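Structure file work.cif (mmCIF, N, CA and C atoms) follows.
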data_query
loop_
_atom_site.group_PDB
_atom_site.id
_atom_site.type_symbol
_atom_site.label_atom_id
_atom_site.label_comp_id
_atom_site.auth_asym_id
_atom_site.auth_seq_id
_atom_site.Cartn_x
_atom_site.Cartn_y
_atom_site.Cartn_z
ATOM 1 N N MET A 1485 19.774 -43.195 -12.987
ATOM 2 C CA MET A 1485 20.251 -42.104 -12.193
ATOM 3 C C MET A 1485 20.558 -40.927 -13.112
ATOM 4 N N THR A 1486 20.285 -39.736 -12.674
ATOM 5 C CA THR A 1486 20.509 -38.536 -13.464
ATOM 6 C C THR A 1486 21.978 -38.152 -13.416
ATOM 7 N N PRO A 1487 22.545 -37.856 -14.597
ATOM 8 C CA PRO A 1487 23.943 -37.426 -14.584
ATOM 9 C C PRO A 1487 24.083 -36.071 -13.903
ATOM 10 N N VAL A 1488 25.303 -35.750 -13.475
ATOM 11 C CA VAL A 1488 25.574 -34.495 -12.776
ATOM 12 C C VAL A 1488 25.276 -33.304 -13.673
ATOM 13 N N SER A 1489 25.702 -33.365 -14.912
ATOM 14 C CA SER A 1489 25.406 -32.268 -15.825
ATOM 15 C C SER A 1489 23.972 -32.417 -16.297
ATOM 16 N N SER A 1490 23.316 -31.317 -16.489
ATOM 17 C CA SER A 1490 21.915 -31.342 -16.852
ATOM 18 C C SER A 1490 21.689 -30.480 -18.072
ATOM 19 N N ASN A 1491 20.551 -30.680 -18.725
ATOM 20 C CA ASN A 1491 20.228 -29.882 -19.893
ATOM 21 C C ASN A 1491 19.304 -28.713 -19.543
ATOM 22 N N ILE A 1492 19.254 -28.315 -18.293
ATOM 23 C CA ILE A 1492 18.448 -27.167 -17.872
ATOM 24 C C ILE A 1492 19.315 -25.923 -17.953
ATOM 25 N N PHE A 1493 18.827 -24.955 -18.714
ATOM 26 C CA PHE A 1493 19.550 -23.701 -18.886
ATOM 27 C C PHE A 1493 18.901 -22.625 -18.036
ATOM 28 N N LEU A 1494 19.705 -21.837 -17.394
ATOM 29 C CA LEU A 1494 19.201 -20.724 -16.603
ATOM 30 C C LEU A 1494 19.198 -19.464 -17.459
ATOM 31 N N PHE A 1495 18.099 -18.804 -17.489
ATOM 32 C CA PHE A 1495 17.969 -17.570 -18.245
ATOM 33 C C PHE A 1495 17.750 -16.419 -17.279
ATOM 34 N N SER A 1496 18.187 -15.249 -17.675
ATOM 35 C CA SER A 1496 17.896 -14.068 -16.858
ATOM 36 C C SER A 1496 16.406 -13.791 -16.971
ATOM 37 N N SER A 1497 15.889 -13.010 -16.065
ATOM 38 C CA SER A 1497 14.438 -12.779 -16.047
ATOM 39 C C SER A 1497 14.100 -11.320 -16.307
ATOM 40 N N PRO A 1498 14.232 -10.843 -17.536
ATOM 41 C CA PRO A 1498 13.831 -9.470 -17.827
ATOM 42 C C PRO A 1498 12.336 -9.212 -17.718
ATOM 43 N N PRO A 1499 11.449 -10.235 -17.874
ATOM 44 C CA PRO A 1499 10.031 -9.929 -17.680
ATOM 45 C C PRO A 1499 9.717 -9.388 -16.287
ATOM 46 N N VAL A 1500 10.475 -9.802 -15.278
ATOM 47 C CA VAL A 1500 10.257 -9.267 -13.930
ATOM 48 C C VAL A 1500 10.564 -7.778 -13.920
ATOM 49 N N LEU A 1501 11.631 -7.386 -14.589
ATOM 50 C CA LEU A 1501 11.969 -5.972 -14.662
ATOM 51 C C LEU A 1501 10.910 -5.202 -15.431
ATOM 52 N N GLN A 1502 10.385 -5.784 -16.503
ATOM 53 C CA GLN A 1502 9.341 -5.125 -17.266
ATOM 54 C C GLN A 1502 8.079 -4.972 -16.426
ATOM 55 N N LEU A 1503 7.736 -5.984 -15.648
ATOM 56 C CA LEU A 1503 6.563 -5.914 -14.797
ATOM 57 C C LEU A 1503 6.720 -4.803 -13.771
ATOM 58 N N ASP A 1504 7.898 -4.671 -13.182
ATOM 59 C CA ASP A 1504 8.158 -3.609 -12.211
ATOM 60 C C ASP A 1504 8.012 -2.242 -12.867
ATOM 61 N N PHE A 1505 8.519 -2.113 -14.098
ATOM 62 C CA PHE A 1505 8.410 -0.847 -14.827
ATOM 63 C C PHE A 1505 6.950 -0.524 -15.128
ATOM 64 N N VAL A 1506 6.179 -1.524 -15.538
ATOM 65 C CA VAL A 1506 4.769 -1.312 -15.843
ATOM 66 C C VAL A 1506 4.012 -0.925 -14.579
ATOM 67 N N GLN A 1507 4.321 -1.566 -13.449
ATOM 68 C CA GLN A 1507 3.657 -1.221 -12.202
ATOM 69 C C GLN A 1507 3.982 0.215 -11.786
ATOM 70 N N ARG A 1508 5.232 0.624 -11.960
ATOM 71 C CA ARG A 1508 5.592 2.010 -11.629
ATOM 72 C C ARG A 1508 4.882 2.987 -12.550
ATOM 73 N N GLU A 1509 4.777 2.620 -13.814
ATOM 74 C CA GLU A 1509 4.105 3.488 -14.782
ATOM 75 C C GLU A 1509 2.620 3.625 -14.427
ATOM 76 N N GLU A 1510 1.980 2.516 -14.073
ATOM 77 C CA GLU A 1510 0.573 2.560 -13.668
ATOM 78 C C GLU A 1510 0.397 3.383 -12.400
ATOM 79 N N ARG A 1511 1.320 3.255 -11.472
ATOM 80 C CA ARG A 1511 1.252 4.018 -10.226
ATOM 81 C C ARG A 1511 1.366 5.504 -10.507
ATOM 82 N N ASP A 1512 2.288 5.886 -11.381
ATOM 83 C CA ASP A 1512 2.436 7.294 -11.727
ATOM 84 C C ASP A 1512 1.181 7.823 -12.407
ATOM 85 N N LEU A 1513 0.558 7.005 -13.234
ATOM 86 C CA LEU A 1513 -0.678 7.405 -13.900
ATOM 87 C C LEU A 1513 -1.799 7.598 -12.885
ATOM 88 N N ARG A 1514 -1.896 6.679 -11.896
ATOM 89 C CA ARG A 1514 -2.913 6.820 -10.845
ATOM 90 C C ARG A 1514 -2.687 8.090 -10.028
ATOM 91 N N LEU A 1515 -1.437 8.381 -9.692
ATOM 92 C CA LEU A 1515 -1.148 9.583 -8.907
ATOM 93 C C LEU A 1515 -1.453 10.846 -9.699
ATOM 94 N N ALA A 1516 -1.201 10.816 -11.010
ATOM 95 C CA ALA A 1516 -1.528 11.977 -11.845
ATOM 96 C C ALA A 1516 -3.035 12.203 -11.883
ATOM 97 N N LYS A 1517 -3.805 11.118 -12.001
ATOM 98 C CA LYS A 1517 -5.263 11.247 -11.980
ATOM 99 C C LYS A 1517 -5.742 11.757 -10.627
ATOM 100 N N LEU A 1518 -5.110 11.300 -9.565
ATOM 101 C CA LEU A 1518 -5.482 11.735 -8.228
ATOM 102 C C LEU A 1518 -5.244 13.233 -8.058
ATOM 103 N N ASN A 1519 -4.155 13.725 -8.587
ATOM 104 C CA ASN A 1519 -3.846 15.153 -8.465
ATOM 105 C C ASN A 1519 -4.803 16.017 -9.277
ATOM 106 N N ASN A 1520 -5.473 15.443 -10.277
ATOM 107 C CA ASN A 1520 -6.420 16.200 -11.089
ATOM 108 C C ASN A 1520 -7.823 16.231 -10.485
ATOM 109 N N LEU A 1521 -8.049 15.484 -9.404
ATOM 110 C CA LEU A 1521 -9.369 15.469 -8.778
ATOM 111 C C LEU A 1521 -9.601 16.739 -7.971
ATOM 112 N N GLY A 1522 -10.871 17.109 -7.863
ATOM 113 C CA GLY A 1522 -11.241 18.237 -7.018
ATOM 114 C C GLY A 1522 -11.180 17.820 -5.562
ATOM 115 N N PRO A 1523 -11.298 18.768 -4.634
ATOM 116 C CA PRO A 1523 -11.183 18.440 -3.205
ATOM 117 C C PRO A 1523 -12.232 17.428 -2.729
ATOM 118 N N ASP A 1524 -13.488 17.573 -3.172
ATOM 119 C CA ASP A 1524 -14.535 16.645 -2.730
ATOM 120 C C ASP A 1524 -14.332 15.256 -3.328
ATOM 121 N N GLU A 1525 -13.948 15.207 -4.603
ATOM 122 C CA GLU A 1525 -13.707 13.907 -5.247
ATOM 123 C C GLU A 1525 -12.510 13.199 -4.613
ATOM 124 N N ARG A 1526 -11.483 13.978 -4.291
ATOM 125 C CA ARG A 1526 -10.299 13.390 -3.657
ATOM 126 C C ARG A 1526 -10.641 12.851 -2.271
ATOM 127 N N ALA A 1527 -11.446 13.593 -1.514
ATOM 128 C CA ALA A 1527 -11.851 13.145 -0.186
ATOM 129 C C ALA A 1527 -12.670 11.850 -0.285
ATOM 130 N N ASP A 1528 -13.558 11.760 -1.272
ATOM 131 C CA ASP A 1528 -14.336 10.539 -1.471
ATOM 132 C C ASP A 1528 -13.439 9.369 -1.833
ATOM 133 N N TYR A 1529 -12.447 9.615 -2.672
ATOM 134 C CA TYR A 1529 -11.525 8.561 -3.081
ATOM 135 C C TYR A 1529 -10.699 8.061 -1.885
ATOM 136 N N VAL A 1530 -10.208 8.993 -1.097
ATOM 137 C CA VAL A 1530 -9.422 8.623 0.086
ATOM 138 C C VAL A 1530 -10.292 7.831 1.059
ATOM 139 N N ALA A 1531 -11.528 8.274 1.261
ATOM 140 C CA ALA A 1531 -12.430 7.573 2.174
ATOM 141 C C ALA A 1531 -12.745 6.167 1.673
ATOM 142 N N SER A 1532 -12.834 6.010 0.344
ATOM 143 C CA SER A 1532 -13.134 4.683 -0.204
ATOM 144 C C SER A 1532 -11.976 3.706 -0.013
ATOM 145 N N ILE A 1533 -10.810 4.198 0.300
ATOM 146 C CA ILE A 1533 -9.660 3.335 0.563
ATOM 147 C C ILE A 1533 -9.433 3.168 2.065
ATOM 148 N N VAL A 1534 -9.600 4.243 2.816
ATOM 149 C CA VAL A 1534 -9.328 4.199 4.254
ATOM 150 C C VAL A 1534 -10.381 3.380 5.006
ATOM 151 N N ARG A 1535 -11.659 3.556 4.655
ATOM 152 C CA ARG A 1535 -12.717 2.834 5.378
ATOM 153 C C ARG A 1535 -12.530 1.322 5.347
ATOM 154 N N PRO A 1536 -12.372 0.707 4.161
ATOM 155 C CA PRO A 1536 -12.193 -0.750 4.184
ATOM 156 C C PRO A 1536 -10.899 -1.185 4.869
ATOM 157 N N ALA A 1537 -9.850 -0.385 4.761
ATOM 158 C CA ALA A 1537 -8.585 -0.746 5.413
ATOM 159 C C ALA A 1537 -8.756 -0.771 6.933
ATOM 160 N N VAL A 1538 -9.459 0.213 7.471
ATOM 161 C CA VAL A 1538 -9.683 0.261 8.913
ATOM 162 C C VAL A 1538 -10.617 -0.869 9.341
ATOM 163 N N ARG A 1539 -11.678 -1.128 8.545
ATOM 164 C CA ARG A 1539 -12.599 -2.215 8.878
ATOM 165 C C ARG A 1539 -11.891 -3.559 8.911
ATOM 166 N N ILE A 1540 -11.053 -3.798 7.924
ATOM 167 C CA ILE A 1540 -10.317 -5.064 7.871
ATOM 168 C C ILE A 1540 -9.373 -5.181 9.063
ATOM 169 N N ALA A 1541 -8.715 -4.084 9.397
ATOM 170 C CA ALA A 1541 -7.786 -4.109 10.532
ATOM 171 C C ALA A 1541 -8.520 -4.343 11.847
ATOM 172 N N GLN A 1542 -9.695 -3.779 11.994
ATOM 173 C CA GLN A 1542 -10.465 -3.984 13.222
ATOM 174 C C GLN A 1542 -10.997 -5.411 13.306
ATOM 175 N N ARG A 1543 -11.385 -5.961 12.164
ATOM 176 C CA ARG A 1543 -11.974 -7.299 12.157
ATOM 177 C C ARG A 1543 -10.921 -8.386 12.336
ATOM 178 N N LYS A 1544 -9.830 -8.298 11.608
ATOM 179 C CA LYS A 1544 -8.809 -9.355 11.662
ATOM 180 C C LYS A 1544 -7.828 -9.074 12.790
ATOM 181 N N CYS A 1545 -6.950 -8.166 12.562
ATOM 182 C CA CYS A 1545 -5.933 -7.801 13.542
ATOM 183 C C CYS A 1545 -5.213 -6.603 12.949
ATOM 184 N N ARG A 1546 -4.869 -5.678 13.787
ATOM 185 C CA ARG A 1546 -4.215 -4.493 13.257
ATOM 186 C C ARG A 1546 -2.852 -4.866 12.716
ATOM 187 N N GLY A 1547 -2.605 -4.508 11.476
ATOM 188 C CA GLY A 1547 -1.332 -4.773 10.833
ATOM 189 C C GLY A 1547 -1.445 -4.485 9.349
ATOM 190 N N LEU A 1548 -0.458 -3.841 8.808
ATOM 191 C CA LEU A 1548 -0.488 -3.490 7.391
ATOM 192 C C LEU A 1548 -0.487 -4.730 6.511
ATOM 193 N N GLU A 1549 0.140 -5.798 6.972
ATOM 194 C CA GLU A 1549 0.194 -7.022 6.176
ATOM 195 C C GLU A 1549 -1.152 -7.734 6.113
ATOM 196 N N LYS A 1550 -2.096 -7.406 7.003
ATOM 197 C CA LYS A 1550 -3.425 -8.018 6.990
ATOM 198 C C LYS A 1550 -4.339 -7.392 5.943
ATOM 199 N N VAL A 1551 -4.008 -6.189 5.473
ATOM 200 C CA VAL A 1551 -4.800 -5.513 4.455
ATOM 201 C C VAL A 1551 -4.518 -6.194 3.113
ATOM 202 N N PRO A 1552 -5.555 -6.457 2.302
ATOM 203 C CA PRO A 1552 -5.326 -7.097 1.005
ATOM 204 C C PRO A 1552 -4.319 -6.317 0.157
ATOM 205 N N PRO A 1553 -3.541 -7.013 -0.656
ATOM 206 C CA PRO A 1553 -2.445 -6.363 -1.390
ATOM 207 C C PRO A 1553 -2.864 -5.179 -2.255
ATOM 208 N N GLN A 1554 -3.988 -5.293 -2.959
ATOM 209 C CA GLN A 1554 -4.411 -4.187 -3.835
ATOM 210 C C GLN A 1554 -4.770 -2.959 -3.017
ATOM 211 N N LEU A 1555 -5.524 -3.168 -1.954
ATOM 212 C CA LEU A 1555 -5.919 -2.059 -1.084
ATOM 213 C C LEU A 1555 -4.704 -1.456 -0.390
ATOM 214 N N ARG A 1556 -3.777 -2.312 0.032
ATOM 215 C CA ARG A 1556 -2.545 -1.837 0.661
ATOM 216 C C ARG A 1556 -1.737 -0.997 -0.322
ATOM 217 N N GLY A 1557 -1.690 -1.408 -1.597
ATOM 218 C CA GLY A 1557 -0.968 -0.641 -2.606
ATOM 219 C C GLY A 1557 -1.569 0.742 -2.807
ATOM 220 N N TRP A 1558 -2.902 0.798 -2.865
ATOM 221 C CA TRP A 1558 -3.566 2.095 -3.016
ATOM 222 C C TRP A 1558 -3.302 2.985 -1.807
ATOM 223 N N LEU A 1559 -3.356 2.396 -0.629
ATOM 224 C CA LEU A 1559 -3.100 3.162 0.591
ATOM 225 C C LEU A 1559 -1.677 3.709 0.597
ATOM 226 N N LEU A 1560 -0.715 2.876 0.245
ATOM 227 C CA LEU A 1560 0.680 3.320 0.238
ATOM 228 C C LEU A 1560 0.945 4.331 -0.876
ATOM 229 N N ASP A 1561 0.242 4.211 -2.005
ATOM 230 C CA ASP A 1561 0.364 5.213 -3.063
ATOM 231 C C ASP A 1561 -0.108 6.575 -2.572
ATOM 232 N N LEU A 1562 -1.213 6.576 -1.839
ATOM 233 C CA LEU A 1562 -1.712 7.840 -1.289
ATOM 234 C C LEU A 1562 -0.767 8.395 -0.231
ATOM 235 N N CYS A 1563 -0.130 7.507 0.529
ATOM 236 C CA CYS A 1563 0.867 7.965 1.503
ATOM 237 C C CYS A 1563 2.038 8.624 0.777
ATOM 238 N N ASP A 1564 2.474 8.016 -0.329
ATOM 239 C CA ASP A 1564 3.564 8.594 -1.116
ATOM 240 C C ASP A 1564 3.167 9.933 -1.715
ATOM 241 N N ALA A 1565 1.864 10.088 -1.994
ATOM 242 C CA ALA A 1565 1.381 11.361 -2.543
ATOM 243 C C ALA A 1565 1.267 12.420 -1.458
ATOM 244 N N GLY A 1566 1.424 12.020 -0.182
ATOM 245 C CA GLY A 1566 1.430 12.986 0.912
ATOM 246 C C GLY A 1566 0.096 13.188 1.594
ATOM 247 N N ASP A 1567 -0.857 12.289 1.385
ATOM 248 C CA ASP A 1567 -2.157 12.439 2.021
ATOM 249 C C ASP A 1567 -2.023 12.188 3.530
ATOM 250 N N PRO A 1568 -2.406 13.169 4.366
ATOM 251 C CA PRO A 1568 -2.185 13.029 5.809
ATOM 252 C C PRO A 1568 -3.049 11.950 6.462
ATOM 253 N N ILE A 1569 -4.276 11.763 5.987
ATOM 254 C CA ILE A 1569 -5.146 10.746 6.579
ATOM 255 C C ILE A 1569 -4.576 9.358 6.318
ATOM 256 N N CYS A 1570 -4.144 9.114 5.103
ATOM 257 C CA CYS A 1570 -3.581 7.800 4.766
ATOM 258 C C CYS A 1570 -2.279 7.546 5.511
ATOM 259 N N ARG A 1571 -1.505 8.589 5.721
ATOM 260 C CA ARG A 1571 -0.265 8.419 6.484
ATOM 261 C C ARG A 1571 -0.564 8.064 7.936
ATOM 262 N N MET A 1572 -1.600 8.680 8.492
ATOM 263 C CA MET A 1572 -1.977 8.375 9.865
ATOM 264 C C MET A 1572 -2.487 6.938 9.970
ATOM 265 N N VAL A 1573 -3.304 6.505 9.009
ATOM 266 C CA VAL A 1573 -3.821 5.136 9.021
ATOM 267 C C VAL A 1573 -2.672 4.147 8.831
ATOM 268 N N ARG A 1574 -1.735 4.453 7.958
ATOM 269 C CA ARG A 1574 -0.571 3.581 7.764
ATOM 270 C C ARG A 1574 0.224 3.460 9.057
ATOM 271 N N ASP A 1575 0.434 4.584 9.738
ATOM 272 C CA ASP A 1575 1.159 4.547 11.008
ATOM 273 C C ASP A 1575 0.402 3.728 12.054
ATOM 274 N N TRP A 1576 -0.919 3.878 12.072
ATOM 275 C CA TRP A 1576 -1.733 3.106 13.016
ATOM 276 C C TRP A 1576 -1.637 1.611 12.708
ATOM 277 N N LEU A 1577 -1.668 1.266 11.428
ATOM 278 C CA LEU A 1577 -1.588 -0.140 11.038
ATOM 279 C C LEU A 1577 -0.218 -0.747 11.325
ATOM 280 N N THR A 1578 0.819 0.071 11.281
ATOM 281 C CA THR A 1578 2.161 -0.453 11.537
ATOM 282 C C THR A 1578 2.522 -0.412 13.017
ATOM 283 N N GLY A 1579 1.584 0.033 13.882
ATOM 284 C CA GLY A 1579 1.808 -0.066 15.318
ATOM 285 C C GLY A 1579 2.297 1.188 15.991
ATOM 286 N N ASN A 1580 2.112 2.344 15.379
ATOM 287 C CA ASN A 1580 2.504 3.580 16.024
ATOM 288 C C ASN A 1580 1.547 3.843 17.178
ATOM 289 N N SER A 1581 2.055 3.870 18.387
ATOM 290 C CA SER A 1581 1.198 3.957 19.567
ATOM 291 C C SER A 1581 0.549 5.328 19.761
ATOM 292 N N ARG A 1582 0.981 6.334 19.024
ATOM 293 C CA ARG A 1582 0.356 7.653 19.182
ATOM 294 C C ARG A 1582 -1.111 7.625 18.786
ATOM 295 N N TYR A 1583 -1.501 6.687 17.901
ATOM 296 C CA TYR A 1583 -2.864 6.651 17.387
ATOM 297 C C TYR A 1583 -3.719 5.576 18.047
ATOM 298 N N CYS A 1584 -3.217 4.947 19.079
ATOM 299 C CA CYS A 1584 -3.986 3.922 19.782
ATOM 300 C C CYS A 1584 -4.826 4.580 20.875
ATOM 301 N N SER A 1585 -6.002 4.019 21.135
ATOM 302 C CA SER A 1585 -6.889 4.613 22.129
ATOM 303 C C SER A 1585 -6.389 4.408 23.560
ATOM 304 N N ASP A 1586 -5.571 3.384 23.784
ATOM 305 C CA ASP A 1586 -5.079 3.122 25.137
ATOM 306 C C ASP A 1586 -3.778 3.860 25.452
ATOM 307 N N HIS A 1587 -3.332 4.707 24.560
ATOM 308 C CA HIS A 1587 -2.091 5.454 24.749
ATOM 309 C C HIS A 1587 -2.359 6.605 25.723
ATOM 310 N N THR A 1588 -1.538 6.721 26.727
ATOM 311 C CA THR A 1588 -1.680 7.831 27.685
ATOM 312 C C THR A 1588 -0.480 8.755 27.543
ATOM 313 N N VAL A 1589 -0.738 10.015 27.682
ATOM 314 C CA VAL A 1589 0.331 11.013 27.578
ATOM 315 C C VAL A 1589 0.897 11.228 28.960
ATOM 316 N N GLU A 1590 2.188 11.077 29.069
ATOM 317 C CA GLU A 1590 2.844 11.281 30.354
ATOM 318 C C GLU A 1590 3.147 12.771 30.523
ATOM 319 N N ASP A 1591 2.991 13.240 31.739
ATOM 320 C CA ASP A 1591 3.302 14.646 32.026
ATOM 321 C C ASP A 1591 4.808 14.829 32.058
ATOM 322 N N ALA A 1592 5.229 15.910 31.463
ATOM 323 C CA ALA A 1592 6.671 16.176 31.408
ATOM 324 C C ALA A 1592 7.098 17.015 32.576
#

Exercise: express the given structure as structure tokens:
Amino acid sequence: MTPVSSNIFLFSSPPVLQLDFVQREERDLRLAKLNNLGPDERADYVASIVRPAVRIAQRKCRGLEKVPPQLRGWLLDLCDAGDPICRMVRDWLTGNSRYCSDHTVEDA
């Protein structure tokens, strides 16, 4: 039988903090590169992220959690950068009914 006291030591996990810092640093670098793109290059980049996200949502089920993590990260990075198309797609994926085709506008 194992004694109550054990020889397992608990250590703090600074590598998790370092990983978070590295991810933030990479994200900032990606956003800086995005801001240096010309209008046509930026539109192509946004389209290369939005198209697969919409296709996946249509094929599986609409929901931000259904989008693969890497693609979801890129989409959310563009939303943080203020891209209006990505913000609209994010809202559609999270269930905002304004962007659904079956939404009807009620007369005021």

Around all the atoms of stretch 1554-1566 of chain A listed in the file, draw an axis-aligned box and extend it by 4 Å on each of the six sides; I want its centre and edge lengths in Å to one decimal, as lines of an AutoDock Vina configuration file.
center_x = -1.2
center_y = 3.9
center_z = -1.1
size_x = 17.5
size_y = 26.5
size_z = 13.4

What are the nearest atom pairs, with distances in Å to one decimal, for all residues of stretch 1542-1565 of chain A that come at most 10 Å from stretch 1527-1535 of chain A, using only C-alpha atoms, set out by chain and rising residue number as JSON lines?
{"residue": "A:Leu1555", "atom": "CA", "partner": "A:Ile1533", "partner_atom": "CA", "distance": 6.8}
{"residue": "A:Arg1556", "atom": "CA", "partner": "A:Ile1533", "partner_atom": "CA", "distance": 8.8}
{"residue": "A:Trp1558", "atom": "CA", "partner": "A:Ile1533", "partner_atom": "CA", "distance": 7.2}
{"residue": "A:Leu1559", "atom": "CA", "partner": "A:Ile1533", "partner_atom": "CA", "distance": 6.6}
{"residue": "A:Leu1562", "atom": "CA", "partner": "A:Val1530", "partner_atom": "CA", "distance": 7.9}

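Going from atom N of A:Thr1578 to atom N of A:Leu1548 covers 4.8 Å.
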
For a quick check of understanding, using only C-alpha atoms, which of A:Asn1519, A:Glu1525, A:Arg1511, A:Arg1574 has the smallest distance to A:Gly1547? A:Arg1574

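Relative to atom C of A:Trp1576, atom C of A:Arg1546 is found at 6.6 Å.
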
Expand the PyMOL selection byres (((chain A and resi 1551 and name CA) around 10) and name CA) into the explicit residue set it covers here, and present it as a compact mmCIF listing (two decimals) with N, CA and C atoms, in the coordinates of the input.
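selection_18.txt was written with the following content:
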# COMPACT_ATOMS: atom_id res chain seq x y z
N PRO A 1536 -12.37 0.71 4.16
CA PRO A 1536 -12.19 -0.75 4.18
C PRO A 1536 -10.90 -1.18 4.87
N ALA A 1537 -9.85 -0.38 4.76
CA ALA A 1537 -8.59 -0.75 5.41
C ALA A 1537 -8.76 -0.77 6.93
N VAL A 1538 -9.46 0.21 7.47
CA VAL A 1538 -9.68 0.26 8.91
C VAL A 1538 -10.62 -0.87 9.34
N ARG A 1539 -11.68 -1.13 8.54
CA ARG A 1539 -12.60 -2.22 8.88
C ARG A 1539 -11.89 -3.56 8.91
N ILE A 1540 -11.05 -3.80 7.92
CA ILE A 1540 -10.32 -5.06 7.87
C ILE A 1540 -9.37 -5.18 9.06
N ALA A 1541 -8.72 -4.08 9.40
CA ALA A 1541 -7.79 -4.11 10.53
C ALA A 1541 -8.52 -4.34 11.85
N LYS A 1544 -9.83 -8.30 11.61
CA LYS A 1544 -8.81 -9.36 11.66
C LYS A 1544 -7.83 -9.07 12.79
N CYS A 1545 -6.95 -8.17 12.56
CA CYS A 1545 -5.93 -7.80 13.54
C CYS A 1545 -5.21 -6.60 12.95
N ARG A 1546 -4.87 -5.68 13.79
CA ARG A 1546 -4.22 -4.49 13.26
C ARG A 1546 -2.85 -4.87 12.72
N GLY A 1547 -2.60 -4.51 11.48
CA GLY A 1547 -1.33 -4.77 10.83
C GLY A 1547 -1.44 -4.49 9.35
N LEU A 1548 -0.46 -3.84 8.81
CA LEU A 1548 -0.49 -3.49 7.39
C LEU A 1548 -0.49 -4.73 6.51
N GLU A 1549 0.14 -5.80 6.97
CA GLU A 1549 0.19 -7.02 6.18
C GLU A 1549 -1.15 -7.73 6.11
N LYS A 1550 -2.10 -7.41 7.00
CA LYS A 1550 -3.42 -8.02 6.99
C LYS A 1550 -4.34 -7.39 5.94
N PRO A 1552 -5.56 -6.46 2.30
CA PRO A 1552 -5.33 -7.10 1.00
C PRO A 1552 -4.32 -6.32 0.16
N PRO A 1553 -3.54 -7.01 -0.66
CA PRO A 1553 -2.44 -6.36 -1.39
C PRO A 1553 -2.86 -5.18 -2.26
N GLN A 1554 -3.99 -5.29 -2.96
CA GLN A 1554 -4.41 -4.19 -3.84
C GLN A 1554 -4.77 -2.96 -3.02
N LEU A 1555 -5.52 -3.17 -1.95
CA LEU A 1555 -5.92 -2.06 -1.08
C LEU A 1555 -4.70 -1.46 -0.39
N ARG A 1556 -3.78 -2.31 0.03
CA ARG A 1556 -2.54 -1.84 0.66
C ARG A 1556 -1.74 -1.00 -0.32
N GLY A 1557 -1.69 -1.41 -1.60
CA GLY A 1557 -0.97 -0.64 -2.61
C GLY A 1557 -1.57 0.74 -2.81
N LEU A 1559 -3.36 2.40 -0.63
CA LEU A 1559 -3.10 3.16 0.59
C LEU A 1559 -1.68 3.71 0.60
N LEU A 1577 -1.67 1.27 11.43
CA LEU A 1577 -1.59 -0.14 11.04
C LEU A 1577 -0.22 -0.75 11.32

Of the candidates A:Arg1508, A:Pro1523, A:Leu1515, A:Val1573, which shows the shortest atom-to-atom distance to A:Asp1561, using all atoms listed in the file? A:Leu1515

Could you work out how far atom C of A:Arg1543 lies from atom C of A:Ala1565, giving the answer in Å with one decimal?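 Going from atom C of A:Ala1565 over to atom C of A:Arg1543 covers 27.8 Å.
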